[in-house]
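Asker: What follows is a structure written as structure tokens; I'll ask about it next.
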There are 2 protein chains.
Amino acid sequence: MADSAAIDFTVRPIGRVESPLTSTADAPRQGDEGAPEAYLILDPVVQAGLNGLAVGDEIIVLSWLHEADRSTLTVRPRGDLSRPEQGVFSTRAPSRPNPIGMHRVRILGIDGPRLHVSGVEAIDGTPIVDLKPVLGRIEER
Amino acid sequence: MADSAAIDFTVRPIGRVESPLTSTADAPRQGDEGAPEAYLILDPVVQAGLNGLAVGDEIIVLSWLHEADRSTLTVRPRGDLSRPEQGVFSTRAPSRPNPIGMHRVRILGIDGPRLHVSGVEAIDGTPIVDLKPVLGRIEER
């Protein structure tokens, strides 16, 4: 393994989510469960990284769920007290050692470093750490 | 936006990849392009987080691609010099501001905190930062 001491493990936000959702209590569990449209406000210094993205594209947004509890290892899925506790790595619960959120969205509009996207369950102000294209079939890469 | 100064943006590795791939030059571009089977060696302190994962499950492994260049914003996709430069966020290139790798794998075996998985294109020693289940249809959640 590489010398961990030499690796920079600090996440540097590249932007933030702008959304009508302001509280995790109001947020749907997943983006396809009624989450509102939102804007991804990217830092102008990373704008060159957006070249090649187009309206209609599906992308994966990685966020940093800053309100999560990083000491949590087991949860009741979807907050349902009738369900048994499960390990966080078998769920999409936000609380986990590294609270990285993964959101699949469609780009509805692009205005410079500002992307209008379909439903995201992250709340207003959530830091964005990465964007990745959804991979097509091998032949399309 | 939350007070960024108060947020802990440090990624804490939860384990590492054990793989016969030892150099990024040898690694396939994607896990479904001939990557070898590998082991995910999780830290015993997070083992409770694995409860609920089973052999046969498909999961998303998030890694920290520690050899990536974090200042890169544009690349030629798949290293092909005949293709025009694109923004990193429209590609899966490892070099990007936050070098989080996303790998979809199937669990082939579980032995305590050691998961045997199908093809991963990450090299031996790559830090693992999160595991998430692949989401089924809404009705199955």
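We name chains A, B, ... following the order of the structure tokens; residues begin at 1 in each chain, and ligands are numbered from 1 as shown.
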Under the rule of at most 10 Å, produce a per-residue listing of range 24-122 of chain B near range 41-55 of chain A: chain, number, name, the closest pair of atoms, and the distance in Å, as a Markdown table, using only C-alpha atoms.
Answerer:
```
| residue | atom | partner | partner_atom | distance |
| --- | --- | --- | --- | --- |
| B:Ser71 | CA | A:Val46 | CA | 9.6 |
| B:Thr72 | CA | A:Gly49 | CA | 8.4 |
| B:Leu73 | CA | A:Gly49 | CA | 4.7 |
| B:Thr74 | CA | A:Gly49 | CA | 5.8 |
| B:Val75 | CA | A:Gly49 | CA | 9.0 |
| B:Pro84 | CA | A:Gly52 | CA | 9.9 |
| B:Glu85 | CA | A:Asn51 | CA | 8.5 |
| B:Gln86 | CA | A:Asn51 | CA | 5.5 |
| B:Gly87 | CA | A:Gly49 | CA | 3.6 |
| B:Val88 | CA | A:Gly49 | CA | 4.9 |
| B:Phe89 | CA | A:Gly49 | CA | 5.4 |
| B:Ser90 | CA | A:Leu53 | CA | 5.5 |
| B:Thr91 | CA | A:Gly52 | CA | 8.5 |
| B:Arg96 | CA | A:Gly49 | CA | 8.4 |
| B:Pro97 | CA | A:Val46 | CA | 8.4 |
```
Asker: Where does DSSP see strand (DSSP E) in range 18-68 of chain B, if you list the residues as a list in words?
Answerer: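 Result set for range 18-68 of chain B (strand (DSSP E)): Glu18, Ala38, Tyr39, Leu40, Ile41, Leu42, Glu58, Ile59, Ile60, Val61, Leu62, Ser63 and Trp64 of chain B.
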Asker: Near range 13-22 of chain B, counting only C-alpha atoms, which residues have an atom at most 8 Å away, once you skip same-chain residues fewer than 4 positions from it, shown as a list in words?
Answerer: Met1 and Pro97 of chain A; Asp26, Ala27, Pro36, Glu37, Ala38, Tyr39, Leu40, Ile41, Leu42, Asp43, Val46, Glu121, Ala122, Ile123, Asp124, Gly125, Thr126, Pro127, Ile128, Val129 and Asp130 of chain B
Asker: Within 12 Å of Asp57 in chain A, counting only C-alpha atoms, which residues show up once you throw out same-chain ones fewer than 6 positions away? Write them as a ChimeraX atom specification, please.
Answerer: /A:50,104-110,115-118,131-136 /B:89-90
Asker: Identify which of the residues B:Arg114, B:Asn98, B:Gln30, B:Val61 lies closest to chain A, counting only C-alpha atoms when measuring atom-to-atom distances.
Answerer: B:Asn98
